[in-house]
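What follows is the content of target.csv (CSV, C-alpha atoms).
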chain,number,residue,atom,x,y,z
A,1145,MET,CA,-25.6,138.3,-57.3
A,1146,GLU,CA,-26.5,141.7,-55.9
A,1147,LEU,CA,-30.0,142.6,-54.7
A,1148,ASN,CA,-30.4,145.2,-57.5
A,1149,GLU,CA,-29.7,142.4,-60.1
A,1150,MET,CA,-32.3,140.2,-58.4
A,1151,ILE,CA,-34.8,143.1,-58.5
A,1152,GLN,CA,-34.2,143.5,-62.3
A,1153,ILE,CA,-34.8,139.8,-62.9
A,1154,LEU,CA,-38.0,139.9,-60.7
A,1155,GLU,CA,-39.3,142.9,-62.8
A,1156,GLY,CA,-39.5,140.6,-65.7
A,1157,THR,CA,-41.1,137.7,-63.9
A,1158,ILE,CA,-43.6,139.0,-61.4
A,1159,THR,CA,-46.2,141.8,-61.5
A,1160,THR,CA,-45.4,145.3,-60.4
A,1161,LYS,CA,-47.9,144.8,-57.5
A,1162,ARG,CA,-46.1,141.6,-56.4
A,1163,LEU,CA,-42.7,143.3,-56.6
A,1164,LYS,CA,-44.0,146.2,-54.4
A,1165,HIS,CA,-45.2,143.6,-51.9
A,1166,SER,CA,-41.8,141.8,-52.0
A,1167,LEU,CA,-40.0,145.1,-51.3
A,1168,GLY,CA,-42.4,145.7,-48.4
A,1169,VAL,CA,-41.6,142.2,-47.1
A,1170,VAL,CA,-37.9,143.1,-47.3
A,1171,GLU,CA,-38.5,146.3,-45.3
A,1172,SER,CA,-40.5,144.5,-42.5
A,1173,ALA,CA,-38.1,141.5,-42.5
A,1174,LYS,CA,-35.1,143.8,-42.0
A,1175,LYS,CA,-36.8,145.5,-39.1
A,1176,LEU,CA,-37.6,142.1,-37.6
A,1177,ALA,CA,-34.0,140.9,-38.2
A,1178,CYS,CA,-32.6,143.9,-36.3
A,1179,ILE,CA,-34.9,143.3,-33.4
A,1180,TYR,CA,-34.4,139.5,-33.2
A,1181,LYS,CA,-30.7,139.4,-34.2
A,1182,GLU,CA,-30.9,137.5,-37.5
A,1183,ASP,CA,-28.4,137.6,-40.4
A,1184,LEU,CA,-29.5,140.7,-42.5
A,1185,GLU,CA,-28.2,139.4,-45.8
A,1186,LYS,CA,-30.1,136.1,-45.6
A,1187,VAL,CA,-33.2,138.0,-44.5
A,1188,GLU,CA,-33.0,140.4,-47.4
A,1189,ILE,CA,-32.5,137.7,-50.0
A,1190,ALA,CA,-35.3,135.4,-48.7
A,1191,ALA,CA,-37.7,138.3,-48.3
A,1192,LEU,CA,-37.0,139.7,-51.8
A,1193,LEU,CA,-37.3,136.3,-53.5
A,1194,HIS,CA,-40.0,134.6,-51.4
A,1195,ASP,CA,-42.7,135.1,-54.1
A,1196,CYS,CA,-40.5,134.7,-57.2
A,1197,ALA,CA,-42.8,131.8,-58.3
A,1198,LYS,CA,-46.1,133.5,-57.3
A,1199,CYS,CA,-47.1,134.8,-60.7
A,1200,LEU,CA,-46.7,131.5,-62.6
A,1201,ASN,CA,-49.8,130.2,-64.4
A,1202,LYS,CA,-50.9,126.6,-63.9
A,1203,GLU,CA,-49.1,125.3,-67.0
A,1204,GLU,CA,-45.8,126.9,-65.8
A,1205,VAL,CA,-46.3,125.4,-62.3
A,1206,LEU,CA,-46.8,121.9,-63.8
A,1207,HIS,CA,-43.8,122.3,-66.1
A,1208,LEU,CA,-41.5,123.3,-63.2
A,1209,VAL,CA,-42.8,120.6,-60.9
A,1210,GLU,CA,-41.9,118.1,-63.6
A,1211,LYS,CA,-38.6,119.7,-64.6
A,1212,TYR,CA,-37.3,119.8,-61.1
A,1213,ASP,CA,-39.0,116.6,-59.9
A,1214,ILE,CA,-40.7,118.6,-57.1
A,1215,LEU,CA,-42.7,116.5,-54.8
A,1216,LEU,CA,-46.0,118.1,-54.0
A,1217,ASP,CA,-48.3,116.7,-51.4
A,1218,ASP,CA,-52.0,116.0,-52.2
A,1219,ILE,CA,-53.1,119.4,-50.9
A,1220,GLU,CA,-50.4,121.3,-52.9
A,1221,LYS,CA,-51.5,119.4,-56.0
A,1222,LYS,CA,-55.1,120.6,-55.4
A,1223,GLU,CA,-54.2,124.1,-54.2
A,1224,THR,CA,-51.3,124.9,-56.5
A,1225,GLU,CA,-50.9,128.4,-54.9
A,1226,LEU,CA,-49.5,126.7,-51.8
A,1227,ALA,CA,-46.7,125.2,-54.1
A,1228,HIS,CA,-45.2,128.5,-55.0
A,1229,GLY,CA,-42.8,128.4,-52.1
A,1230,LYS,CA,-41.4,125.0,-53.0
A,1231,ILE,CA,-41.2,126.0,-56.7
A,1232,GLY,CA,-39.7,129.4,-55.7
A,1233,ALA,CA,-36.9,127.6,-53.9
A,1234,TYR,CA,-35.9,125.8,-57.1
A,1235,LEU,CA,-36.1,128.9,-59.1
A,1236,CYS,CA,-33.9,130.7,-56.6
A,1237,LYS,CA,-31.2,128.1,-57.3
A,1238,GLU,CA,-31.5,128.3,-61.0
A,1239,LYS,CA,-32.2,132.0,-61.7
A,1240,PHE,CA,-30.5,133.7,-58.8
A,1241,GLY,CA,-27.8,131.2,-57.8
A,1242,ILE,CA,-29.0,130.9,-54.2
A,1243,ASN,CA,-27.7,127.7,-52.6
A,1244,ASN,CA,-28.1,128.6,-48.9
A,1245,ASP,CA,-30.3,126.0,-47.3
A,1246,ASP,CA,-31.6,128.5,-44.7
A,1247,ILE,CA,-32.8,130.9,-47.3
A,1248,LEU,CA,-34.3,128.2,-49.5
A,1249,SER,CA,-36.2,126.7,-46.5
A,1250,ALA,CA,-37.6,130.2,-45.6
A,1251,ILE,CA,-38.8,130.6,-49.1
A,1252,THR,CA,-40.2,127.0,-49.2
A,1253,TYR,CA,-42.3,127.4,-46.0
A,1254,HIS,CA,-43.3,131.0,-46.1
A,1255,THR,CA,-46.9,130.2,-47.0
A,1256,THR,CA,-47.7,127.3,-44.7
A,1257,GLY,CA,-45.1,127.5,-42.0
A,1258,LYS,CA,-43.8,124.2,-40.5
A,1259,LYS,CA,-43.1,122.6,-37.2
A,1260,ASN,CA,-39.9,123.9,-35.4
A,1261,MET,CA,-39.3,126.9,-37.7
A,1262,SER,CA,-35.9,128.6,-37.6
A,1263,LYS,CA,-35.7,132.3,-36.8
A,1264,LEU,CA,-35.2,133.1,-40.4
A,1265,GLU,CA,-38.3,131.1,-41.4
A,1266,LYS,CA,-40.4,132.9,-38.8
A,1267,ILE,CA,-39.2,136.3,-39.9
A,1268,ILE,CA,-40.1,135.7,-43.5
A,1269,TYR,CA,-43.4,134.2,-42.7
A,1270,LEU,CA,-44.3,137.1,-40.4
A,1271,ALA,CA,-42.9,139.8,-42.7
A,1272,ASP,CA,-45.1,138.5,-45.5
A,1273,PHE,CA,-48.1,139.2,-43.2
A,1274,ILE,CA,-47.1,142.6,-41.8
A,1275,GLU,CA,-45.4,144.4,-44.7
A,1276,PRO,CA,-46.4,148.0,-45.0
A,1277,ASN,CA,-48.7,147.4,-48.0
A,1278,ARG,CA,-50.9,145.0,-46.1
A,1279,ASN,CA,-54.2,146.4,-45.0
A,1280,TYR,CA,-56.6,144.0,-43.3
A,1281,ASP,CA,-58.4,143.9,-39.9
A,1282,GLY,CA,-55.8,143.2,-37.2
A,1283,VAL,CA,-52.7,144.0,-39.2
A,1284,GLU,CA,-51.7,146.9,-36.9
A,1285,GLU,CA,-52.1,144.7,-33.8
A,1286,LEU,CA,-50.0,142.0,-35.4
A,1287,ARG,CA,-47.3,144.5,-36.4
A,1288,ASN,CA,-47.3,145.8,-32.8
A,1289,ILE,CA,-46.9,142.3,-31.4
A,1290,ALA,CA,-44.2,141.4,-33.9
A,1291,TYR,CA,-42.1,144.5,-33.3
A,1292,ASN,CA,-42.7,144.8,-29.5
A,1293,GLU,CA,-43.9,141.6,-27.8
A,1294,GLY,CA,-42.0,138.7,-29.4
A,1295,LEU,CA,-41.5,136.8,-32.6
A,1296,ASP,CA,-43.2,133.6,-31.4
A,1297,LYS,CA,-46.2,135.4,-29.9
A,1298,ALA,CA,-46.7,137.2,-33.2
A,1299,LEU,CA,-46.3,134.0,-35.2
A,1300,LEU,CA,-49.0,132.3,-33.1
A,1301,VAL,CA,-51.4,135.2,-33.9
A,1302,ALA,CA,-50.4,134.9,-37.6
A,1303,PHE,CA,-51.1,131.2,-37.7
A,1304,ASP,CA,-54.5,131.8,-36.0
A,1305,ASN,CA,-55.4,134.4,-38.5
A,1306,THR,CA,-54.3,132.2,-41.4
A,1307,ILE,CA,-56.4,129.3,-40.1
A,1308,LYS,CA,-59.5,131.5,-39.6
A,1309,TYR,CA,-59.1,133.0,-43.0
A,1310,VAL,CA,-58.7,129.7,-44.8
A,1311,ILE,CA,-61.8,128.4,-43.0
A,1312,SER,CA,-63.8,131.5,-44.0
A,1313,ILE,CA,-63.0,131.0,-47.7
A,1314,LYS,CA,-63.8,127.3,-47.4
A,1315,LYS,CA,-60.4,126.1,-48.5
A,1316,ILE,CA,-58.2,123.2,-47.2
A,1317,ILE,CA,-55.9,124.1,-44.3
A,1318,HIS,CA,-52.5,122.6,-44.9
A,1319,PRO,CA,-51.5,120.3,-42.1
A,1320,ARG,CA,-48.1,121.9,-41.9
A,1321,THR,CA,-49.8,125.1,-40.7
A,1322,ILE,CA,-51.7,123.2,-37.9
A,1323,GLU,CA,-48.5,121.3,-36.9
A,1324,ALA,CA,-46.5,124.6,-36.9
A,1325,ARG,CA,-49.2,126.3,-34.7
A,1326,ASN,CA,-49.4,123.4,-32.3
A,1327,PHE,CA,-45.7,123.0,-32.0
A,1328,LEU,CA,-45.3,126.7,-31.2
A,1329,LEU,CA,-48.2,126.7,-28.8
A,1330,GLU,CA,-46.5,123.8,-26.9
A,1331,GLU,CA,-43.2,125.7,-26.9
A,1332,LEU,CA,-44.8,128.9,-25.5
A,1333,ASN,CA,-46.7,127.0,-22.8
A,1334,GLU,CA,-43.4,125.3,-21.7
A,1335,MET,CA,-41.8,128.7,-21.1
Give the structure from this file in structure tokens form.
Amino acid sequence: MELNEMIQILEGTITTKRLKHSLGVVESAKKLACIYKEDLEKVEIAALLHDCAKCLNKEEVLHLVEKYDILLDDIEKKETELAHGKIGAYLCKEKFGINNDDILSAITYHTTGKKNMSKLEKIIYLADFIEPNRNYDGVEELRNIAYNEGLDKALLVAFDNTIKYVISIKKIIHPRTIEARNFLLEELNEM
């Protein structure tokens, strides 16, 4: 399926604002892919589709979890917004014919991250944070680090920002994010 066809499907399933965000993620992900030498086609598809399940209501989420027998952990059950990556990966198979495990994994973990992320997973996670429509304190600094100082260094800053933000809104921090940060920190300290 061509990207234009995917966009047409997304126009009917996510909000205009979410589609604008997704197209911004494609733009940033492609830039990161060129800098860090990642497969451009995989990057474009994962970036475009990363939020394909983001606009589902709670009933739709529960229906798809049951339909696909998706295993949610206790935190994802309480904070269903964290489950949109896992659900999105299943929707990508069904609606978009995506069967590439690298793409599906990048979509699955774009919200929480995970230990020992692939380059594609890192790019999608970061692009989601730094796409041109994002406007929050520190985004310009994070863009600069991502584009000029290294993928892992930027990812560490993104994890730190996520953890601080989740604490500030009094929500549960997913252990995958902490594991991802700690794993990356150990890797960077070994260099």
For stretch 1165-1181 of chain A, list every protein, DNA or RNA residue within 6 Å, evaluated using only C-alpha atoms, and leave out those in the same chain fewer than 3 positions away; present the list as a PDB file with C-alpha atoms, keeping the file's coordinate frame.
ATOM      1  CA  ARG A1162     -46.100 141.600 -56.400  1.00  0.00           C
ATOM      2  CA  GLU A1188     -33.000 140.400 -47.400  1.00  0.00           C
ATOM      3  CA  ALA A1191     -37.700 138.300 -48.300  1.00  0.00           C
ATOM      4  CA  LEU A1192     -37.000 139.700 -51.800  1.00  0.00           C
ATOM      5  CA  ILE A1267     -39.200 136.300 -39.900  1.00  0.00           C
ATOM      6  CA  ALA A1271     -42.900 139.800 -42.700  1.00  0.00           C
ATOM      7  CA  ASP A1272     -45.100 138.500 -45.500  1.00  0.00           C
ATOM      8  CA  GLU A1275     -45.400 144.400 -44.700  1.00  0.00           C
ATOM      9  CA  PRO A1276     -46.400 148.000 -45.000  1.00  0.00           C
TER      10      PRO A1276
END
Inset, instruction - Rank A:Ile1311, A:Asn1333, A:Ile1153, A:Leu1270 by their smallest atom-to-atom distance to A:Lys1239, using all atoms listed in the file, and report the top residue only. - result: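 Looking at the shortest contact to A:Lys1239, the residue is A:Ile1153.
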Legend entry - Contact residues around A:Ile1247 with all atoms listed in the file at 9 Å, ignoring same-chain residues under 3 positions, as a count of residues only: 14
Inset, instruction - Could you check how far atom CA of A:Glu1204 sits from atom CA of A:Met1150, in Å to one decimal? - result: 20.3 Å
Legend entry - Closest of A:Glu1323, A:Glu1210, A:Asp1218, A:Lys1263 to A:Ile1231 - atom-to-atom distances counting only C-alpha atoms: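 Closest candidate: A:Glu1210.
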Near stretch 1211-1214 of chain A, counting all atoms listed in the file, which residues have an atom at most 9 Å away, once you skip same-chain residues fewer than 3 positions from it, shown as a CSV table (one decimal) with C-alpha atoms, keeping the file's coordinate frame?
chain,number,residue,atom,x,y,z
A,1206,LEU,CA,-46.8,121.9,-63.8
A,1207,HIS,CA,-43.8,122.3,-66.1
A,1208,LEU,CA,-41.5,123.3,-63.2
A,1230,LYS,CA,-41.4,125.0,-53.0
A,1231,ILE,CA,-41.2,126.0,-56.7
A,1234,TYR,CA,-35.9,125.8,-57.1
Inset, instruction - Could you check how far atom CA of A:Asp1246 sits from atom CA of A:Met1261, in Å to one decimal? - result: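 Answer for the atom CA of A:Asp1246 to atom CA of A:Met1261 separation: 10.5 Å.
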Please identify all polymer residues within 12 Å of A:Thr1159, counting all atoms listed in the file, omitting same-chain residues fewer than 5 positions from it, and present them as a PDB file with C-alpha atoms, keeping the file's coordinate frame.
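File written: result-v6.pdb
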ATOM      1  CA  ILE A1151     -34.800 143.100 -58.500  1.00  0.00           C
ATOM      2  CA  ILE A1153     -34.800 139.800 -62.900  1.00  0.00           C
ATOM      3  CA  LEU A1154     -38.000 139.900 -60.700  1.00  0.00           C
ATOM      4  CA  LYS A1164     -44.000 146.200 -54.400  1.00  0.00           C
ATOM      5  CA  HIS A1165     -45.200 143.600 -51.900  1.00  0.00           C
ATOM      6  CA  SER A1166     -41.800 141.800 -52.000  1.00  0.00           C
ATOM      7  CA  ASP A1195     -42.700 135.100 -54.100  1.00  0.00           C
ATOM      8  CA  CYS A1196     -40.500 134.700 -57.200  1.00  0.00           C
ATOM      9  CA  ALA A1197     -42.800 131.800 -58.300  1.00  0.00           C
ATOM     10  CA  LYS A1198     -46.100 133.500 -57.300  1.00  0.00           C
ATOM     11  CA  CYS A1199     -47.100 134.800 -60.700  1.00  0.00           C
ATOM     12  CA  LEU A1200     -46.700 131.500 -62.600  1.00  0.00           C
TER      13      LEU A1200
END
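Of the residues listed (A:Asn1279, A:Val1205, A:Gly1156, A:Lys1266), A:Lys1266 shows the shortest atom-to-atom separation from A:Ala1298; distances use only C-alpha atoms.
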